[in-house]
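Here is the structure we will look at, set down as C-alpha cells.
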Amino acid sequence: MELLDRILGKCRRAGAEMAEVYYVSSRSLSISVRNGLVETIEKSTPGGMAIRFFSNGRTAFGHTTEFSDAAIDRTADKLSRLASKMEKDEFAVLPGPTQYSKGPDIFGDSFINEPMETKIQYLINLEKKALTFDPLIKNSQGVSYSEHIVTEGLANSKGVKSDYNSTYYRVGISVVASKDDQMFPGQGSVGARYFWDLPSPDMIVERFASRAVRLIGGTSVEGGDYEIIFAPRAANSILWGLSQALNGDNAFKGASFLTDKKGSKVAAEILSIYDDALMKRGVASRPADSEGCASRKLAPIENGIVTGFMYDSRTAAKASAESTGSCAREDYTSYPGIFPSNFYIAPGTDKVEDVIAACKKGIIVEETQGWGLHNVTGQYSAGINGTLVKDGQRIRPVADVTIAADADKLLNGIGAICDDITFYDSFNSPSIMVMSMRVGA
Amino acid sequence: MRIDRREFIKSTAAVSASAAFAPGLLSMLTTGCSTGPSGALDEGRVKSILEKALARGGDFSEVFAEEVRSLSFEISEGSFSQASVGVSSGIGVRTVEGEKNGYAYVNGYDYEGAMDAAGTAAYIASTGKSTGVAVPARKAAPESITVEVPVESIKEERKLELVAGAEKFAKSFSPYIKQVDISYYDQVQKRYIANSDGLRIDNEIPLIWVVIEVLAEKNGIRHQGRDRISAHQGFEFFDTNDIMAAARRACEECVAMLEAKPSPSGMMPVVMHPGWGGVLIHEAVGHGLEGDLAYRGASVYSDKLGRKVASELVTMVDDSSWPNARGTTGFDDEGTIGQRNVLIEKGILKGFMHDLISARMMKAAPTGNGRRQSYRFFPIPRMTNTLIDPGDSDPAGIIADTKKGLYVKALSGGSVDTVSGQFNFVVREAYLIENGKITTPVSGATLIGRGIDVLENIDAVGNDLSLGVGTCGKGQWVPVTGGLPTVRIASGITVGGSV
C-alpha cells in the first residue's frame, strides 16, 4: 500500500490531477496427467501493474512488468505525454473511498500447500475413474489441475484503498467416447475457491464423461418447431448474450437489444437474472470491483422485467446512473471495463425429470456451438448436441442440427426453470425449458 | 516414463514451500530495467539456465525471452479514449522429456528468477539422462517480415489522425450509422530463443491491428458491421492497406444488413466470399491437422495420412513465411524457420502442423508451427496463415451457376470440436442466392457441419484468393490469417436460421 502511494506520487509529479494504481501478483501451478503419466507441470508468477493517469480531463492507461523506480518514472512520463494527445473526457471520474462489506470468503483452504505428489495422485486417480466409467470411453486427452493464489491491490488519489487475497482451484477432464467410427468428447472443468468445495472425482467424471456416452452417435432430426430443454451448461449460450446486452455501456451506445427496455417486460415472469459479487466462496466473487466500488448483489432482470443495467463509474456518469460495482479487468494489461461477477439465472423449483416427462416433442440440449443469443440483434442461433424426447421418453442422441429464435420468442417462451443449478463457473444456470424454437436440419 | 515415487517426495518439498504465498510487490521491484532480451542474457547465463533445466535429465531445454512494447487507443462516441501503453517482458524456461513439458517463467529479465524457473522446469524429467548443452550456433532469422518505417518512429498524432479520418468517413457514410468505434493497436515484440541443442535465434517484429466496428439502426432493427486490418509490418502498411476502404466495408455491411430478413434454416449450398471466410477451413479442418491433437488420437484426421479427405479441387496450405501477413512468424516460438506446408494436396492428406514434440511423436519433421501467446506459455502446434490455394473458376461464374443457396460474405468467427469434427460459424453478412443471382440479405444464421463433409463437397474453387485477419484461441491467443478464394460447398453445411 505504501508503494502504491509512492507510485501515485510519481504520477502527480508527472502532472496527474487524478491517478489510480492497480497491481496483481500471484503464484500458479498447473499439472496435467495423460494415460497415467504426468504430461505437463507449469509454474508461474503472473503479475503486473496498471496505472490510469488523468490530467486536464484527459486520460491514459499504462501497464507494465517493470517495477524499478526509473521504469515507473518513465511510464508516468509516457502516460502524461499520451494523455495530452487525447481529447477531454467529461465523464472521466474515479470513485472515492467507501466501506467494503465483509469479504465473500474467497481466500480458501490450504490444499495449495499439499505436496505435488498428492495432486498428481489425485489426477491419476481421477483419470482412472474417467477411463473406467463406461466401455465406450476409450481414450483420455488428459486430466488437469490448477491452483492460484492471488494478491490484488488498488489505490487511487481520491483515497480508495482496497487490497485482498484469494485462492482458486480448477480441475478438468477430457475423455473421448468411441462407437463405430464416431468419436465424441466428454470434457469440462469445475472451479472453486476452496479445493474441498469441488465435486468429488466420481461426480466430476459423472458430470463430463457421461455426456460423451449419452451424446455419441447423434444424428439429425426432422426440421421444425420443438420444445427445447436447455441443460445447465447449454443455457450459458443465453446467459452470455444477456450479460452483454445488460452491460450499461452497450446499452448506452445502442449496441444491445435491451436498449430502451428498462422497466419493460422482456421475458417470462419466472425469469430473474442475478449478478452476485458477494456470493459466499463464489468463483467470481470480489469484495470490491476493479476501480474500488463496493461489490453488491444485482438483479438486472427480475420477474421478467429489466430493472437496470450494469455500470462502472465512467459509464454511470455518462448515463446519469450510479456505478453498480461492475468494473472488472481481464488482467492487469486490459483497460477496465464492465463485466459481471457471479452471473446466473435464478433457480426455480421445477425438477428437470418432471419437465422431460411432460415434454411431447422436444430436444434436451446439452452442448451448443456458436454465438447463441446475440446481444445486438437479439437473435438466438446455435448448433447443438442433445437428446430427442417424445411423449416424455428419451429417444436417441441428436447432432448436426441448429436451433434458433428471436429474443422475444426465446425469453418470453421460457416455460420452466429447474432447481439444478451449481456454481463451479462464473456464469451458471439451472435447466430451463423454452416452449418452442425452430430446429434446422 | 513413470515418475519414481521417492524422487517425487524429495523434490516436491522445496517446490510447495515456495508456492505457499504470493510474492509481495516489493520482491517484484528488484526486476531491473530493460535492455532487450538478448542484451539481458549473456551466453554464460544462458548456458547455466539450460544446464540447470536438464539437471534431472531430459531431451532438451529451452530459454524463451521476450519483450513487448505496445500502444493502443480507441475512438468511441466521437472522441478518443482508452489510450494505453504497455511493457511486458519475461523469460520462460522449458524442459522436455518425451512428450512431457516442464515449464516455468519469470517476469522481467531476472537471472535469479530464471534459474529458479529452470529448477521447476527440470522437475518434469526423471531419467537422469541428457545429452547436455551443445555449443551454441547462431541462426539467422528469415526476412519474411520487413520494416521500412518502424511503428515506434511515428508520432502518436499521425496515428490518431489516421483513425480520426476513418471515423469521420464512417459517420458520414449513412444517416443510419449510429456508432463508430475504431481501435488502433501496435506493438513491437523482441524474441530471443536458445536451446540445449545449440540453437540461438532472435528478432524484432512489429504488429499493427486496427478494428473498425459500426452500428447501424433503422426502425428498431440493429446491426453491427466490422472490418479489421492487420499485418506484421512497419507503418508503410497503411500505404497498401487503406483504412478508409476498411471503414467503407464495415459501413456497407451494416447498412445492407438493416434490410435483412430472418435467415432460412436447413441444408443448402453455401458460397463463401474470399478472405476471412478462410476461418471456414481454419476451424472445419485446420485444428484437426494440428500435430498434438493428431498424435493423441483426438482428431478425426489422426489416421488419415495419405488418404483422400477432400475434393480434388482442394489444396490446403499453412504458410508461416507469407510476406508480412498477420500469421507470419519468420521463425516459430521454438526457433524453427517458417515455411509453406502443404497439408492437403488435391484432396489427399499430406501432413500435419507440428511443433518439436509432436513432430517427434509422429516421426515427422518440425514444420515451424510451435507457437505461444507470450513468455507466459509453452509452445503448442498452432496455425499461422492457413488457406486454400486458388483454383480456376471465375467467382462470378460460381454464383451464376448456383440455383439456390446462401452467399456468405462475412463471418464473425467460429469454433470446432476436433474430436467429433463438428464446427460452427456465426454469420454476420449473408445473402440468398436465387437463380444464379445474389438477392435478399439474411441475418441471424449459424452454420454448422463436419469438416470432412465440407471439404469433400467443395465443388468450385475461384481464382480470387485473399487473406482475412483474425486471432485464434486454443488456451492461448495467437494472430492468424485465414485465406480463401470464392468456394462453393454443394452440401454438408446446415444453416441455422429461425424460419
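Within each chain, counting starts at residue 1; across the C-alpha cells, chains are named A, B, ... in the order shown, with ligands numbered 1 upward in that order.
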Next on the checklist: Counting only C-alpha atoms, a student should be able to say which residues of chain A come within 6 Å of chain B; what is the right answer, written as a ChimeraX atom specification?
Outcome noted: /A:26-27,39-44,60-65,67-68,86-87,113,115-116,183-184,370,377,379,381-382,402,404-405,438,440-441
Could those residues be written to a file, using C-alpha atoms, as a PDB file, in the first residue's frame?
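Listed below is the output, result.pdb:
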ATOM      1  CA  SER A  26       0.117 -14.398  -7.973  1.00  0.00           C
ATOM      2  CA  ARG A  27       1.531 -17.872  -7.891  1.00  0.00           C
ATOM      3  CA  GLU A  39       2.413 -34.620 -19.130  1.00  0.00           C
ATOM      4  CA  THR A  40       2.994 -31.031 -18.034  1.00  0.00           C
ATOM      5  CA  ILE A  41       3.993 -29.167 -14.928  1.00  0.00           C
ATOM      6  CA  GLU A  42       3.771 -25.426 -15.222  1.00  0.00           C
ATOM      7  CA  LYS A  43       4.659 -22.972 -12.515  1.00  0.00           C
ATOM      8  CA  SER A  44       4.283 -19.291 -12.874  1.00  0.00           C
ATOM      9  CA  ALA A  60      -4.218   7.495 -20.431  1.00  0.00           C
ATOM     10  CA  PHE A  61      -3.697   3.932 -19.283  1.00  0.00           C
ATOM     11  CA  GLY A  62      -0.466   2.006 -18.939  1.00  0.00           C
ATOM     12  CA  HIS A  63       0.588  -1.438 -17.830  1.00  0.00           C
ATOM     13  CA  THR A  64       3.994  -2.794 -17.057  1.00  0.00           C
ATOM     14  CA  THR A  65       6.009  -5.666 -15.639  1.00  0.00           C
ATOM     15  CA  PHE A  67       8.873  -2.013 -11.345  1.00  0.00           C
ATOM     16  CA  SER A  68      12.127  -0.206 -10.761  1.00  0.00           C
ATOM     17  CA  MET A  86      -6.302  12.679 -26.050  1.00  0.00           C
ATOM     18  CA  GLU A  87      -9.493  14.700 -26.033  1.00  0.00           C
ATOM     19  CA  ASN A 113       0.328 -26.432   0.466  1.00  0.00           C
ATOM     20  CA  PRO A 115       2.887 -31.784  -1.770  1.00  0.00           C
ATOM     21  CA  MET A 116       2.865 -32.088  -5.549  1.00  0.00           C
ATOM     22  CA  MET A 183     -15.918 -40.049 -31.576  1.00  0.00           C
ATOM     23  CA  PHE A 184     -17.425 -37.651 -29.064  1.00  0.00           C
ATOM     24  CA  GLY A 370     -21.790 -20.791 -31.918  1.00  0.00           C
ATOM     25  CA  THR A 377     -29.714  -8.236 -32.733  1.00  0.00           C
ATOM     26  CA  GLN A 379     -31.387 -13.336 -32.367  1.00  0.00           C
ATOM     27  CA  SER A 381     -28.855 -19.308 -33.216  1.00  0.00           C
ATOM     28  CA  ALA A 382     -26.612 -22.244 -32.345  1.00  0.00           C
ATOM     29  CA  THR A 402     -29.359 -25.923 -35.263  1.00  0.00           C
ATOM     30  CA  ALA A 404     -32.966 -20.556 -33.482  1.00  0.00           C
ATOM     31  CA  ALA A 405     -35.462 -17.976 -32.234  1.00  0.00           C
ATOM     32  CA  ARG A 438     -37.024 -23.577 -34.796  1.00  0.00           C
ATOM     33  CA  GLY A 440     -32.852 -26.536 -38.696  1.00  0.00           C
ATOM     34  CA  ALA A 441     -31.762 -29.866 -40.128  1.00  0.00           C
TER      35      ALA A 441
END
Checklist entry - Using only C-alpha atoms, which residues sit within 9 Å of Lys361 (chain A) once same-chain residues fewer than 6 positions away are excluded, as a VMD selection string? => result chain A and resid 225 to 228 388 to 392
Next on the checklist: For Val279 (chain B), find every residue with an atom within 10 Å (counting only C-alpha atoms), except residues of its own chain fewer than 4 positions away, and show them as a PyMOL selection string.
Outcome noted: chain B and resi 275+283-286+386-387+411-415+425+467-470+472+480-484
Item to check | DSSP-assigned helix (DSSP H, G or I) members of region 193-263 of chain B, reported as a list of chain:residue names | outcome: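 Taking region 193-263 of chain B and keeping helix (DSSP H, G or I) only, one gets B:Phe237, B:Phe238, B:Asp239, B:Thr240, B:Ile243, B:Met244, B:Ala245, B:Ala246, B:Ala247, B:Arg248, B:Arg249, B:Ala250, B:Cys251, B:Glu252, B:Glu253, B:Cys254, B:Val255, B:Ala256, B:Met257.
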Checklist entry - Using only C-alpha atoms, which residue out of A:Ile238, A:Ile106, A:Ala76, A:Ala50 lies closest to Leu278 (chain A)? => result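 The closest residue to Leu278 (chain A) is A:Ile106.
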Checklist entry - So which residues touch region 194-207 of chain B within 6 Å, counting only C-alpha atoms, skipping near sequence neighbours fewer than 2 positions away, as a PyMOL selection string? => result chain B and resi 60-63+133-139+186-192+231-233
Next on the checklist: So the first atom is CA of Pro397 (chain A) and the second is CA of Leu455 (chain B); what is the distance between them in Å, to one decimal place?
Outcome noted: 25.0 Å
Item to check | Shell around Ile177 (chain B) at 12 Å using only C-alpha atoms, local window under 6 positions removed, as JSON, numbers by chain | outcome: {"A": [253, 254, 255], "B": [77, 167, 168, 169, 170, 171, 213, 214, 215, 216, 217, 218, 221, 222, 223, 224, 225, 247, 248, 250, 251, 252, 253, 254, 255, 256, 257, 258]}
Checklist entry - So what do you get for CA of Val46 (chain B) versus CA of Asp59 (chain B), distance-wise? => result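 So the two atoms, CA of Val46 (chain B) and CA of Asp59 (chain B), lie 17.2 Å apart.
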Checklist entry - Just how far from CA of Arg52 (chain A) is CA of Met18 (chain A), in Å to one decimal? => result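 Going from CA of Met18 (chain A) over to CA of Arg52 (chain A), I get 8.3 Å.
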Item to check | Nearest residue to Glu206 (chain A) from the set A:Ala234, A:Leu123, A:Val221, A:Leu131 (distances using only C-alpha atoms) | outcome: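 Of the candidates, the smallest distance to Glu206 (chain A) is held by A:Leu131.
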